[in-house]
$ cat coords_15.pdb   # PDB, N, CA and C atoms
MODEL        1
ATOM      1  N   MET A   1     -70.473 -50.367-104.890
ATOM      2  CA  MET A   1     -69.032 -50.165-104.928
ATOM      3  C   MET A   1     -68.644 -49.246-106.089
ATOM      4  N   LYS A   2     -69.445 -49.242-107.144
ATOM      5  CA  LYS A   2     -69.138 -48.425-108.316
ATOM      6  C   LYS A   2     -68.920 -46.966-107.913
ATOM      7  N   GLY A   3     -67.788 -46.420-108.329
ATOM      8  CA  GLY A   3     -67.486 -45.021-108.076
ATOM      9  C   GLY A   3     -66.951 -44.716-106.695
ATOM     10  N   GLU A   4     -66.901 -45.723-105.808
ATOM     11  CA  GLU A   4     -66.363 -45.491-104.471
ATOM     12  C   GLU A   4     -64.869 -45.216-104.556
ATOM     13  N   VAL A   5     -64.375 -44.398-103.631
ATOM     14  CA  VAL A   5     -62.948 -44.074-103.582
ATOM     15  C   VAL A   5     -62.198 -45.265-102.981
ATOM     16  N   CYS A   6     -61.067 -45.577-103.552
ATOM     17  CA  CYS A   6     -60.233 -46.699-103.120
ATOM     18  C   CYS A   6     -59.675 -46.459-101.719
ATOM     19  N   ASP A   7     -59.787 -47.459-100.856
ATOM     20  CA  ASP A   7     -59.245 -47.370 -99.493
ATOM     21  C   ASP A   7     -57.714 -47.424 -99.478
ATOM     22  N   GLU A   8     -57.119 -48.039-100.499
ATOM     23  CA  GLU A   8     -55.661 -48.179-100.541
ATOM     24  C   GLU A   8     -54.960 -46.868-100.913
ATOM     25  N   CYS A   9     -55.338 -46.287-102.047
ATOM     26  CA  CYS A   9     -54.621 -45.106-102.547
ATOM     27  C   CYS A   9     -55.358 -43.799-102.280
ATOM     28  N   ARG A  10     -56.652 -43.890-102.009
ATOM     29  CA  ARG A  10     -57.500 -42.716-101.743
ATOM     30  C   ARG A  10     -57.559 -41.744-102.917
ATOM     31  N   LYS A  11     -57.206 -42.214-104.112
ATOM     32  CA  LYS A  11     -57.226 -41.349-105.304
ATOM     33  C   LYS A  11     -58.161 -41.881-106.370
ATOM     34  N   GLY A  12     -58.067 -43.180-106.634
ATOM     35  CA  GLY A  12     -58.859 -43.770-107.707
ATOM     36  C   GLY A  12     -60.251 -44.162-107.259
ATOM     37  N   LYS A  13     -61.064 -44.496-108.242
ATOM     38  CA  LYS A  13     -62.413 -44.980-107.986
ATOM     39  C   LYS A  13     -62.542 -46.376-108.581
ATOM     40  N   PHE A  14     -63.434 -47.165-107.981
ATOM     41  CA  PHE A  14     -63.608 -48.538-108.432
ATOM     42  C   PHE A  14     -64.513 -48.619-109.650
ATOM     43  N   ILE A  15     -64.056 -49.428-110.602
ATOM     44  CA  ILE A  15     -64.864 -49.740-111.779
ATOM     45  C   ILE A  15     -64.922 -51.263-111.899
ATOM     46  N   LYS A  16     -66.031 -51.775-112.395
ATOM     47  CA  LYS A  16     -66.189 -53.221-112.527
ATOM     48  C   LYS A  16     -65.741 -53.649-113.910
ATOM     49  N   LYS A  17     -64.869 -54.670-113.936
ATOM     50  CA  LYS A  17     -64.427 -55.200-115.219
ATOM     51  C   LYS A  17     -63.967 -56.628-115.053
ATOM     52  N   LYS A  18     -63.867 -57.336-116.166
ATOM     53  CA  LYS A  18     -63.393 -58.719-116.162
ATOM     54  C   LYS A  18     -61.873 -58.703-116.259
ATOM     55  N   ILE A  19     -61.243 -59.449-115.364
ATOM     56  CA  ILE A  19     -59.781 -59.518-115.368
ATOM     57  C   ILE A  19     -59.330 -60.969-115.254
ATOM     58  N   ASP A  20     -58.114 -61.225-115.707
ATOM     59  CA  ASP A  20     -57.521 -62.552-115.573
ATOM     60  C   ASP A  20     -57.193 -62.808-114.111
ATOM     61  N   TYR A  21     -57.437 -64.030-113.666
ATOM     62  CA  TYR A  21     -57.051 -64.441-112.312
ATOM     63  C   TYR A  21     -55.988 -65.518-112.461
ATOM     64  N   ILE A  22     -54.793 -65.224-111.967
ATOM     65  CA  ILE A  22     -53.666 -66.145-112.092
ATOM     66  C   ILE A  22     -53.288 -66.635-110.703
ATOM     67  N   LEU A  23     -53.248 -67.957-110.549
ATOM     68  CA  LEU A  23     -52.887 -68.580-109.282
ATOM     69  C   LEU A  23     -51.755 -69.552-109.547
ATOM     70  N   VAL A  24     -50.675 -69.426-108.823
ATOM     71  CA  VAL A  24     -49.449 -70.221-108.982
ATOM     72  C   VAL A  24     -49.047 -70.371-110.449
ATOM     73  N   GLY A  25     -49.140 -69.267-111.171
ATOM     74  CA  GLY A  25     -48.703 -69.236-112.561
ATOM     75  C   GLY A  25     -49.694 -69.799-113.558
ATOM     76  N   ILE A  26     -50.877 -70.193-113.105
ATOM     77  CA  ILE A  26     -51.881 -70.749-114.005
ATOM     78  C   ILE A  26     -53.045 -69.768-114.129
ATOM     79  N   ASN A  27     -53.367 -69.410-115.370
ATOM     80  CA  ASN A  27     -54.475 -68.502-115.623
ATOM     81  C   ASN A  27     -55.779 -69.286-115.502
ATOM     82  N   LEU A  28     -56.586 -68.941-114.506
ATOM     83  CA  LEU A  28     -57.847 -69.637-114.272
ATOM     84  C   LEU A  28     -58.983 -69.071-115.109
ATOM     85  N   GLY A  29     -58.735 -67.978-115.814
ATOM     86  CA  GLY A  29     -59.758 -67.371-116.654
ATOM     87  C   GLY A  29     -60.045 -65.941-116.242
ATOM     88  N   LYS A  30     -61.052 -65.365-116.873
ATOM     89  CA  LYS A  30     -61.452 -63.985-116.583
ATOM     90  C   LYS A  30     -62.644 -63.993-115.640
ATOM     91  N   PHE A  31     -62.587 -63.110-114.632
ATOM     92  CA  PHE A  31     -63.638 -63.002-113.635
ATOM     93  C   PHE A  31     -63.918 -61.531-113.366
ATOM     94  N   TYR A  32     -65.182 -61.234-113.013
ATOM     95  CA  TYR A  32     -65.543 -59.854-112.697
ATOM     96  C   TYR A  32     -64.950 -59.435-111.360
ATOM     97  N   ALA A  33     -64.415 -58.211-111.325
ATOM     98  CA  ALA A  33     -63.840 -57.655-110.108
ATOM     99  C   ALA A  33     -64.020 -56.145-110.119
ATOM    100  N   TRP A  34     -63.976 -55.578-108.937
ATOM    101  CA  TRP A  34     -63.920 -54.128-108.806
ATOM    102  C   TRP A  34     -62.447 -53.743-108.780
ATOM    103  N   VAL A  35     -62.028 -52.845-109.691
ATOM    104  CA  VAL A  35     -60.621 -52.489-109.836
ATOM    105  C   VAL A  35     -60.468 -50.980-109.701
ATOM    106  N   CYS A  36     -59.507 -50.563-108.878
ATOM    107  CA  CYS A  36     -59.240 -49.132-108.692
ATOM    108  C   CYS A  36     -58.634 -48.556-109.967
ATOM    109  N   SER A  37     -59.159 -47.436-110.398
ATOM    110  CA  SER A  37     -58.687 -46.782-111.620
ATOM    111  C   SER A  37     -57.287 -46.187-111.456
ATOM    112  N   ASN A  38     -56.813 -46.057-110.217
ATOM    113  CA  ASN A  38     -55.508 -45.455-109.981
ATOM    114  C   ASN A  38     -54.422 -46.489-109.648
ATOM    115  N   CYS A  39     -54.652 -47.288-108.595
ATOM    116  CA  CYS A  39     -53.595 -48.194-108.110
ATOM    117  C   CYS A  39     -53.784 -49.643-108.519
ATOM    118  N   GLY A  40     -54.960 -49.994-109.044
ATOM    119  CA  GLY A  40     -55.196 -51.362-109.470
ATOM    120  C   GLY A  40     -55.662 -52.295-108.368
ATOM    121  N   GLU A  41     -55.879 -51.775-107.153
ATOM    122  CA  GLU A  41     -56.432 -52.602-106.071
ATOM    123  C   GLU A  41     -57.637 -53.368-106.615
ATOM    124  N   THR A  42     -57.694 -54.664-106.318
ATOM    125  CA  THR A  42     -58.717 -55.522-106.900
ATOM    126  C   THR A  42     -59.537 -56.190-105.813
ATOM    127  N   ILE A  43     -60.861 -56.155-105.977
ATOM    128  CA  ILE A  43     -61.767 -56.784-105.022
ATOM    129  C   ILE A  43     -62.741 -57.665-105.797
ATOM    130  N   PHE A  44     -62.815 -58.937-105.386
ATOM    131  CA  PHE A  44     -63.774 -59.866-105.973
ATOM    132  C   PHE A  44     -64.936 -60.030-105.007
ATOM    133  N   GLU A  45     -66.152 -60.003-105.541
ATOM    134  CA  GLU A  45     -67.320 -60.238-104.704
ATOM    135  C   GLU A  45     -67.459 -61.736-104.453
ATOM    136  N   GLY A  46     -68.279 -62.099-103.471
ATOM    137  CA  GLY A  46     -68.436 -63.484-103.040
ATOM    138  C   GLY A  46     -68.735 -64.467-104.150
ATOM    139  N   LYS A  47     -69.685 -64.124-105.042
ATOM    140  CA  LYS A  47     -70.070 -65.028-106.125
ATOM    141  C   LYS A  47     -68.879 -65.315-107.045
ATOM    142  N   GLU A  48     -68.123 -64.289-107.387
ATOM    143  CA  GLU A  48     -66.956 -64.469-108.258
ATOM    144  C   GLU A  48     -65.863 -65.246-107.534
ATOM    145  N   SER A  49     -65.708 -64.990-106.233
ATOM    146  CA  SER A  49     -64.705 -65.724-105.452
ATOM    147  C   SER A  49     -65.002 -67.214-105.460
ATOM    148  N   LEU A  50     -66.281 -67.574-105.357
ATOM    149  CA  LEU A  50     -66.660 -68.990-105.413
ATOM    150  C   LEU A  50     -66.354 -69.596-106.775
ATOM    151  N   LYS A  51     -66.588 -68.828-107.842
ATOM    152  CA  LYS A  51     -66.254 -69.307-109.189
ATOM    153  C   LYS A  51     -64.755 -69.553-109.311
ATOM    154  N   ILE A  52     -63.963 -68.626-108.767
ATOM    155  CA  ILE A  52     -62.505 -68.754-108.804
ATOM    156  C   ILE A  52     -62.073 -69.992-108.023
ATOM    157  N   GLU A  53     -62.630 -70.168-106.831
ATOM    158  CA  GLU A  53     -62.291 -71.323-106.000
ATOM    159  C   GLU A  53     -62.625 -72.633-106.713
ATOM    160  N   ASN A  54     -63.796 -72.706-107.327
ATOM    161  CA  ASN A  54     -64.195 -73.919-108.047
ATOM    162  C   ASN A  54     -63.266 -74.210-109.221
ATOM    163  N   LYS A  55     -62.886 -73.166-109.953
ATOM    164  CA  LYS A  55     -61.978 -73.336-111.094
ATOM    165  C   LYS A  55     -60.600 -73.797-110.613
ATOM    166  N   ALA A  56     -60.132 -73.222-109.485
ATOM    167  CA  ALA A  56     -58.835 -73.610-108.925
ATOM    168  C   ALA A  56     -58.855 -75.077-108.485
ATOM    169  N   LYS A  57     -59.972 -75.514-107.912
ATOM    170  CA  LYS A  57     -60.095 -76.915-107.507
ATOM    171  C   LYS A  57     -60.078 -77.827-108.729
ATOM    172  N   GLN A  58     -60.780 -77.430-109.799
ATOM    173  CA  GLN A  58     -60.788 -78.218-111.039
ATOM    174  C   GLN A  58     -59.382 -78.350-111.618
ATOM    175  N   GLN A  59     -58.605 -77.280-111.515
ATOM    176  CA  GLN A  59     -57.245 -77.269-112.077
ATOM    177  C   GLN A  59     -56.218 -77.922-111.144
ATOM    178  N   GLY A  60     -56.639 -78.270-109.921
ATOM    179  CA  GLY A  60     -55.726 -78.908-108.968
ATOM    180  C   GLY A  60     -54.754 -77.967-108.306
ATOM    181  N   VAL A  61     -55.079 -76.685-108.250
ATOM    182  CA  VAL A  61     -54.165 -75.714-107.644
ATOM    183  C   VAL A  61     -54.754 -75.074-106.386
ATOM    184  N   TRP A  62     -55.877 -75.598-105.901
ATOM    185  CA  TRP A  62     -56.499 -75.053-104.695
ATOM    186  C   TRP A  62     -55.879 -75.715-103.469
ATOM    187  N   GLY A  63     -55.512 -74.924-102.491
ATOM    188  CA  GLY A  63     -55.026 -75.463-101.223
ATOM    189  C   GLY A  63     -53.619 -76.017-101.258
ATOM    190  N   LEU A  64     -52.764 -75.484-102.107
ATOM    191  CA  LEU A  64     -51.387 -75.977-102.165
ATOM    192  C   LEU A  64     -50.541 -75.502-100.987
ATOM    193  N   ALA A  65     -50.883 -74.374-100.418
ATOM    194  CA  ALA A  65     -50.104 -73.861 -99.284
ATOM    195  C   ALA A  65     -50.252 -74.810 -98.102
ATOM    196  N   ALA A  66     -49.160 -75.050 -97.400
ATOM    197  CA  ALA A  66     -49.196 -75.946 -96.249
ATOM    198  C   ALA A  66     -48.099 -75.558 -95.268
ATOM    199  N   LYS A  67     -48.408 -75.678 -93.983
ATOM    200  CA  LYS A  67     -47.394 -75.440 -92.960
ATOM    201  C   LYS A  67     -46.517 -76.673 -92.850
ATOM    202  N   THR A  68     -45.260 -76.455 -92.549
ATOM    203  CA  THR A  68     -44.327 -77.541 -92.314
ATOM    204  C   THR A  68     -43.329 -77.066 -91.276
ATOM    205  N   LYS A  69     -42.530 -77.955 -90.770
ATOM    206  CA  LYS A  69     -41.509 -77.586 -89.784
ATOM    207  C   LYS A  69     -40.133 -77.870 -90.357
ATOM    208  N   ILE A  70     -39.182 -77.095 -89.912
ATOM    209  CA  ILE A  70     -37.798 -77.327 -90.300
ATOM    210  C   ILE A  70     -37.293 -78.519 -89.502
ATOM    211  N   GLY A  71     -36.686 -79.471 -90.198
ATOM    212  CA  GLY A  71     -36.143 -80.667 -89.559
ATOM    213  C   GLY A  71     -34.630 -80.689 -89.679
ATOM    214  N   THR A  72     -34.055 -81.818 -89.332
ATOM    215  CA  THR A  72     -32.603 -81.962 -89.448
ATOM    216  C   THR A  72     -32.263 -83.197 -90.262
ATOM    217  N   SER A  73     -31.124 -83.107 -90.916
ATOM    218  CA  SER A  73     -30.567 -84.224 -91.667
ATOM    219  C   SER A  73     -29.065 -84.161 -91.407
ATOM    220  N   GLY A  74     -28.590 -84.977 -90.482
ATOM    221  CA  GLY A  74     -27.194 -84.864 -90.061
ATOM    222  C   GLY A  74     -27.018 -83.551 -89.326
ATOM    223  N   THR A  75     -26.085 -82.721 -89.795
ATOM    224  CA  THR A  75     -25.865 -81.423 -89.159
ATOM    225  C   THR A  75     -26.557 -80.296 -89.925
ATOM    226  N   ALA A  76     -27.224 -80.645 -91.028
ATOM    227  CA  ALA A  76     -27.921 -79.636 -91.845
ATOM    228  C   ALA A  76     -29.400 -79.570 -91.449
ATOM    229  N   LEU A  77     -30.056 -78.515 -91.863
ATOM    230  CA  LEU A  77     -31.500 -78.381 -91.692
ATOM    231  C   LEU A  77     -32.182 -78.736 -92.998
ATOM    232  N   ASP A  78     -33.406 -79.257 -92.919
ATOM    233  CA  ASP A  78     -34.149 -79.568 -94.134
ATOM    234  C   ASP A  78     -35.605 -79.124 -93.995
ATOM    235  N   VAL A  79     -36.268 -79.042 -95.132
ATOM    236  CA  VAL A  79     -37.681 -78.666 -95.188
ATOM    237  C   VAL A  79     -38.401 -79.738 -95.986
ATOM    238  N   ARG A  80     -39.548 -80.179 -95.497
ATOM    239  CA  ARG A  80     -40.342 -81.192 -96.203
ATOM    240  C   ARG A  80     -41.482 -80.499 -96.938
ATOM    241  N   PHE A  81     -41.823 -81.058 -98.095
ATOM    242  CA  PHE A  81     -42.917 -80.515 -98.902
ATOM    243  C   PHE A  81     -44.116 -81.448 -98.830
ATOM    244  N   SER A  82     -45.308 -80.886 -98.851
ATOM    245  CA  SER A  82     -46.520 -81.698 -98.852
ATOM    246  C   SER A  82     -46.617 -82.471-100.166
ATOM    247  N   ARG A  83     -47.352 -83.567-100.140
ATOM    248  CA  ARG A  83     -47.553 -84.389-101.333
ATOM    249  C   ARG A  83     -48.193 -83.555-102.439
ATOM    250  N   ALA A  84     -49.123 -82.647-102.085
ATOM    251  CA  ALA A  84     -49.789 -81.813-103.091
ATOM    252  C   ALA A  84     -48.778 -80.941-103.839
ATOM    253  N   ILE A  85     -47.828 -80.355-103.129
ATOM    254  CA  ILE A  85     -46.810 -79.519-103.781
ATOM    255  C   ILE A  85     -45.864 -80.386-104.610
ATOM    256  N   VAL A  86     -45.467 -81.531-104.071
ATOM    257  CA  VAL A  86     -44.587 -82.454-104.803
ATOM    258  C   VAL A  86     -45.228 -82.850-106.127
ATOM    259  N   ASN A  87     -46.502 -83.218-106.088
ATOM    260  CA  ASN A  87     -47.194 -83.623-107.308
ATOM    261  C   ASN A  87     -47.366 -82.463-108.272
ATOM    262  N   PHE A  88     -47.775 -81.301-107.761
ATOM    263  CA  PHE A  88     -48.003 -80.140-108.615
ATOM    264  C   PHE A  88     -46.730 -79.719-109.342
ATOM    265  N   MET A  89     -45.610 -79.724-108.619
ATOM    266  CA  MET A  89     -44.344 -79.264-109.198
ATOM    267  C   MET A  89     -43.518 -80.391-109.800
ATOM    268  N   LYS A  90     -44.039 -81.619-109.699
ATOM    269  CA  LYS A  90     -43.346 -82.796-110.234
ATOM    270  C   LYS A  90     -41.919 -82.914-109.674
ATOM    271  N   LEU A  91     -41.816 -82.759-108.353
ATOM    272  CA  LEU A  91     -40.514 -82.839-107.695
ATOM    273  C   LEU A  91     -40.105 -84.294-107.520
ATOM    274  N   LYS A  92     -38.817 -84.537-107.607
ATOM    275  CA  LYS A  92     -38.245 -85.880-107.430
ATOM    276  C   LYS A  92     -37.003 -85.765-106.546
ATOM    277  N   LYS A  93     -36.726 -86.816-105.814
ATOM    278  CA  LYS A  93     -35.512 -86.864-105.010
ATOM    279  C   LYS A  93     -34.309 -86.647-105.925
ATOM    280  N   GLY A  94     -33.385 -85.799-105.504
ATOM    281  CA  GLY A  94     -32.185 -85.532-106.283
ATOM    282  C   GLY A  94     -32.314 -84.351-107.229
ATOM    283  N   LYS A  95     -33.528 -83.833-107.411
ATOM    284  CA  LYS A  95     -33.733 -82.674-108.296
ATOM    285  C   LYS A  95     -33.006 -81.472-107.695
ATOM    286  N   GLU A  96     -32.322 -80.728-108.533
ATOM    287  CA  GLU A  96     -31.562 -79.569-108.060
ATOM    288  C   GLU A  96     -32.467 -78.354-107.921
ATOM    289  N   VAL A  97     -32.277 -77.608-106.815
ATOM    290  CA  VAL A  97     -33.016 -76.363-106.582
ATOM    291  C   VAL A  97     -32.035 -75.283-106.152
ATOM    292  N   VAL A  98     -32.455 -74.052-106.327
ATOM    293  CA  VAL A  98     -31.688 -72.909-105.839
ATOM    294  C   VAL A  98     -32.486 -72.298-104.692
ATOM    295  N   VAL A  99     -31.837 -72.141-103.538
ATOM    296  CA  VAL A  99     -32.478 -71.575-102.358
ATOM    297  C   VAL A  99     -31.821 -70.241-102.067
ATOM    298  N   GLN A 100     -32.654 -69.197-101.943
ATOM    299  CA  GLN A 100     -32.082 -67.890-101.631
ATOM    300  C   GLN A 100     -33.034 -67.096-100.740
ATOM    301  N   PRO A 101     -32.475 -66.337 -99.801
ATOM    302  CA  PRO A 101     -33.329 -65.507 -98.945
ATOM    303  C   PRO A 101     -33.844 -64.306 -99.734
ATOM    304  N   ILE A 102     -35.112 -63.971 -99.501
ATOM    305  CA  ILE A 102     -35.706 -62.770-100.100
ATOM    306  C   ILE A 102     -35.599 -61.622 -99.101
ATOM    307  N   ASP A 103     -35.882 -61.910 -97.851
ATOM    308  CA  ASP A 103     -35.654 -60.996 -96.733
ATOM    309  C   ASP A 103     -35.521 -61.871 -95.490
ATOM    310  N   LYS A 104     -35.605 -61.290 -94.306
ATOM    311  CA  LYS A 104     -35.392 -62.086 -93.091
ATOM    312  C   LYS A 104     -36.510 -63.081 -92.803
ATOM    313  N   ASN A 105     -37.653 -62.979 -93.496
ATOM    314  CA  ASN A 105     -38.778 -63.874 -93.245
ATOM    315  C   ASN A 105     -39.213 -64.695 -94.455
ATOM    316  N   LYS A 106     -38.517 -64.566 -95.582
ATOM    317  CA  LYS A 106     -38.931 -65.274 -96.785
ATOM    318  C   LYS A 106     -37.745 -65.948 -97.453
ATOM    319  N   ILE A 107     -38.005 -67.175 -97.927
ATOM    320  CA  ILE A 107     -37.015 -67.925 -98.694
ATOM    321  C   ILE A 107     -37.654 -68.280-100.030
ATOM    322  N   GLN A 108     -36.903 -68.104-101.093
ATOM    323  CA  GLN A 108     -37.377 -68.503-102.412
ATOM    324  C   GLN A 108     -36.656 -69.771-102.817
ATOM    325  N   ILE A 109     -37.427 -70.757-103.271
ATOM    326  CA  ILE A 109     -36.851 -72.003-103.762
ATOM    327  C   ILE A 109     -37.236 -72.127-105.228
ATOM    328  N   THR A 110     -36.246 -72.175-106.098
ATOM    329  CA  THR A 110     -36.489 -72.281-107.531
ATOM    330  C   THR A 110     -35.973 -73.619-108.022
ATOM    331  N   VAL A 111     -36.842 -74.364-108.686
ATOM    332  CA  VAL A 111     -36.458 -75.668-109.232
ATOM    333  C   VAL A 111     -35.687 -75.451-110.522
ATOM    334  N   SER A 112     -34.512 -76.069-110.610
ATOM    335  CA  SER A 112     -33.701 -75.955-111.823
ATOM    336  C   SER A 112     -34.356 -76.733-112.945
ATOM    337  N   SER A 113     -34.166 -76.259-114.168
ATOM    338  CA  SER A 113     -34.752 -76.938-115.331
ATOM    339  C   SER A 113     -34.001 -78.184-115.694
TER
ENDMDL
END

$ encode --input "coords_15.pdb" --output "structure tokens"
Amino acid sequence: MKGEVCDECRKGKFIKKKIDYILVGINLGKFYAWVCSNCGETIFEGKESLKIENKAKQQGVWGLAAKTKIGTSGTALDVRFSRAIVNFMKLKKGKEVVVQPIDKNKIQITVSS
């Protein structure tokens, strides 16, 4: 991979270096990756990906994404969160959140402090 032209930008070349890997706001540490010198496109090889996965599991942040369905509560719609997300974010009934659309397919939910 060293010196190969980046498929994303077609300008930069890949160089191997250690970079921080951040998942859901938690820095899991530095891991080797191939990084484009122009656009920053990042590729982790299998061995490093396994290290990242193991570290994420140790930190309790692996597999937080979960599918859910929109339900109803009276005349309003509601969304349920998995137990893993509730525990990770320390959510409690009655906690205030701000819900806002990012685009037609994304909603951002921010927990108030």

$ resolve_selection --input "coords_15.pdb" --expression "the PyMOL selection byres ((chain A and resi 47-56) around 8)" --output "mmCIF file with N, CA and C atoms, in the coordinates of the input"
data_model
loop_
_atom_site.group_PDB
_atom_site.id
_atom_site.type_symbol
_atom_site.label_atom_id
_atom_site.label_comp_id
_atom_site.auth_asym_id
_atom_site.auth_seq_id
_atom_site.Cartn_x
_atom_site.Cartn_y
_atom_site.Cartn_z
ATOM 1 N N TYR A 21 -57.437 -64.030 -113.666
ATOM 2 C CA TYR A 21 -57.051 -64.441 -112.312
ATOM 3 C C TYR A 21 -55.988 -65.518 -112.461
ATOM 4 N N LEU A 23 -53.248 -67.957 -110.549
ATOM 5 C CA LEU A 23 -52.887 -68.580 -109.282
ATOM 6 C C LEU A 23 -51.755 -69.552 -109.547
ATOM 7 N N LEU A 28 -56.586 -68.941 -114.506
ATOM 8 C CA LEU A 28 -57.847 -69.637 -114.272
ATOM 9 C C LEU A 28 -58.983 -69.071 -115.109
ATOM 10 N N GLY A 29 -58.735 -67.978 -115.814
ATOM 11 C CA GLY A 29 -59.758 -67.371 -116.654
ATOM 12 C C GLY A 29 -60.045 -65.941 -116.242
ATOM 13 N N PHE A 31 -62.587 -63.110 -114.632
ATOM 14 C CA PHE A 31 -63.638 -63.002 -113.635
ATOM 15 C C PHE A 31 -63.918 -61.531 -113.366
ATOM 16 N N TYR A 32 -65.182 -61.234 -113.013
ATOM 17 C CA TYR A 32 -65.543 -59.854 -112.697
ATOM 18 C C TYR A 32 -64.950 -59.435 -111.360
ATOM 19 N N ALA A 33 -64.415 -58.211 -111.325
ATOM 20 C CA ALA A 33 -63.840 -57.655 -110.108
ATOM 21 C C ALA A 33 -64.020 -56.145 -110.119
ATOM 22 N N ILE A 43 -60.861 -56.155 -105.977
ATOM 23 C CA ILE A 43 -61.767 -56.784 -105.022
ATOM 24 C C ILE A 43 -62.741 -57.665 -105.797
ATOM 25 N N PHE A 44 -62.815 -58.937 -105.386
ATOM 26 C CA PHE A 44 -63.774 -59.866 -105.973
ATOM 27 C C PHE A 44 -64.936 -60.030 -105.007
ATOM 28 N N GLU A 45 -66.152 -60.003 -105.541
ATOM 29 C CA GLU A 45 -67.320 -60.238 -104.704
ATOM 30 C C GLU A 45 -67.459 -61.736 -104.453
ATOM 31 N N GLY A 46 -68.279 -62.099 -103.471
ATOM 32 C CA GLY A 46 -68.436 -63.484 -103.040
ATOM 33 C C GLY A 46 -68.735 -64.467 -104.150
ATOM 34 N N LYS A 57 -59.972 -75.514 -107.912
ATOM 35 C CA LYS A 57 -60.095 -76.915 -107.507
ATOM 36 C C LYS A 57 -60.078 -77.827 -108.729
ATOM 37 N N GLN A 58 -60.780 -77.430 -109.799
ATOM 38 C CA GLN A 58 -60.788 -78.218 -111.039
ATOM 39 C C GLN A 58 -59.382 -78.350 -111.618
ATOM 40 N N GLN A 59 -58.605 -77.280 -111.515
ATOM 41 C CA GLN A 59 -57.245 -77.269 -112.077
ATOM 42 C C GLN A 59 -56.218 -77.922 -111.144
ATOM 43 N N GLY A 60 -56.639 -78.270 -109.921
ATOM 44 C CA GLY A 60 -55.726 -78.908 -108.968
ATOM 45 C C GLY A 60 -54.754 -77.967 -108.306
ATOM 46 N N VAL A 61 -55.079 -76.685 -108.250
ATOM 47 C CA VAL A 61 -54.165 -75.714 -107.644
ATOM 48 C C VAL A 61 -54.754 -75.074 -106.386
ATOM 49 N N TRP A 62 -55.877 -75.598 -105.901
ATOM 50 C CA TRP A 62 -56.499 -75.053 -104.695
ATOM 51 C C TRP A 62 -55.879 -75.715 -103.469
ATOM 52 N N GLY A 63 -55.512 -74.924 -102.491
ATOM 53 C CA GLY A 63 -55.026 -75.463 -101.223
ATOM 54 C C GLY A 63 -53.619 -76.017 -101.258
#

$ select_by_dssp --input "coords_15.pdb" --residues "chain A" --states "helix (DSSP H, G or I)" --output "PyMOL selection string"
chain A and resi 46-59+83-89

$ atom_distance --input "coords_15.pdb" --atom1 "CA of Met89 in chain A" --atom2 "atom C of Asn105 in chain A"
21.4 Å

$ atom_distance --input "coords_15.pdb" --atom1 "atom C of Glu4 in chain A" --atom2 "atom N of Lys30 in chain A"
23.9 Å

$ resolve_selection --input "coords_15.pdb" --expression "the PyMOL selection byres (((chain A and resi 70-81 and name CA) around 12) and name CA)" --output "ChimeraX atom specification"
/A:64-69,82-93,99,107,109

$ atom_distance --input "coords_15.pdb" --atom1 "atom N of Lys18 in chain A" --atom2 "atom C of Cys6 in chain A"
18.6 Å

$ resolve_selection --input "coords_15.pdb" --expression "the PyMOL selection byres ((chain A and resi 37) around 7)" --output "list in words"
Lys11, Gly12, Lys13, Phe14, Ile15, Val35, Cys36, Asn38, Cys39, Gly40 and Glu41 of chain A

$ write_last_selection --input "coords_15.pdb" --atoms "N, CA and C atoms" --output "PDB file, keeping the file's coordinate frame"
ATOM      1  N   LYS A  11     -57.206 -42.214-104.112  1.00  0.00           N
ATOM      2  CA  LYS A  11     -57.226 -41.349-105.304  1.00  0.00           C
ATOM      3  C   LYS A  11     -58.161 -41.881-106.370  1.00  0.00           C
ATOM      4  N   GLY A  12     -58.067 -43.180-106.634  1.00  0.00           N
ATOM      5  CA  GLY A  12     -58.859 -43.770-107.707  1.00  0.00           C
ATOM      6  C   GLY A  12     -60.251 -44.162-107.259  1.00  0.00           C
ATOM      7  N   LYS A  13     -61.064 -44.496-108.242  1.00  0.00           N
ATOM      8  CA  LYS A  13     -62.413 -44.980-107.986  1.00  0.00           C
ATOM      9  C   LYS A  13     -62.542 -46.376-108.581  1.00  0.00           C
ATOM     10  N   PHE A  14     -63.434 -47.165-107.981  1.00  0.00           N
ATOM     11  CA  PHE A  14     -63.608 -48.538-108.432  1.00  0.00           C
ATOM     12  C   PHE A  14     -64.513 -48.619-109.650  1.00  0.00           C
ATOM     13  N   ILE A  15     -64.056 -49.428-110.602  1.00  0.00           N
ATOM     14  CA  ILE A  15     -64.864 -49.740-111.779  1.00  0.00           C
ATOM     15  C   ILE A  15     -64.922 -51.263-111.899  1.00  0.00           C
ATOM     16  N   VAL A  35     -62.028 -52.845-109.691  1.00  0.00           N
ATOM     17  CA  VAL A  35     -60.621 -52.489-109.836  1.00  0.00           C
ATOM     18  C   VAL A  35     -60.468 -50.980-109.701  1.00  0.00           C
ATOM     19  N   CYS A  36     -59.507 -50.563-108.878  1.00  0.00           N
ATOM     20  CA  CYS A  36     -59.240 -49.132-108.692  1.00  0.00           C
ATOM     21  C   CYS A  36     -58.634 -48.556-109.967  1.00  0.00           C
ATOM     22  N   ASN A  38     -56.813 -46.057-110.217  1.00  0.00           N
ATOM     23  CA  ASN A  38     -55.508 -45.455-109.981  1.00  0.00           C
ATOM     24  C   ASN A  38     -54.422 -46.489-109.648  1.00  0.00           C
ATOM     25  N   CYS A  39     -54.652 -47.288-108.595  1.00  0.00           N
ATOM     26  CA  CYS A  39     -53.595 -48.194-108.110  1.00  0.00           C
ATOM     27  C   CYS A  39     -53.784 -49.643-108.519  1.00  0.00           C
ATOM     28  N   GLY A  40     -54.960 -49.994-109.044  1.00  0.00           N
ATOM     29  CA  GLY A  40     -55.196 -51.362-109.470  1.00  0.00           C
ATOM     30  C   GLY A  40     -55.662 -52.295-108.368  1.00  0.00           C
ATOM     31  N   GLU A  41     -55.879 -51.775-107.153  1.00  0.00           N
ATOM     32  CA  GLU A  41     -56.432 -52.602-106.071  1.00  0.00           C
ATOM     33  C   GLU A  41     -57.637 -53.368-106.615  1.00  0.00           C
TER      34      GLU A  41
END

$ closest_residue --input "coords_15.pdb" --among "A:Gln108, A:Thr42, A:Ser113, A:Lys17" --to "Glu96 in chain A" --atoms "only N, CA and C atoms"
A:Ser113
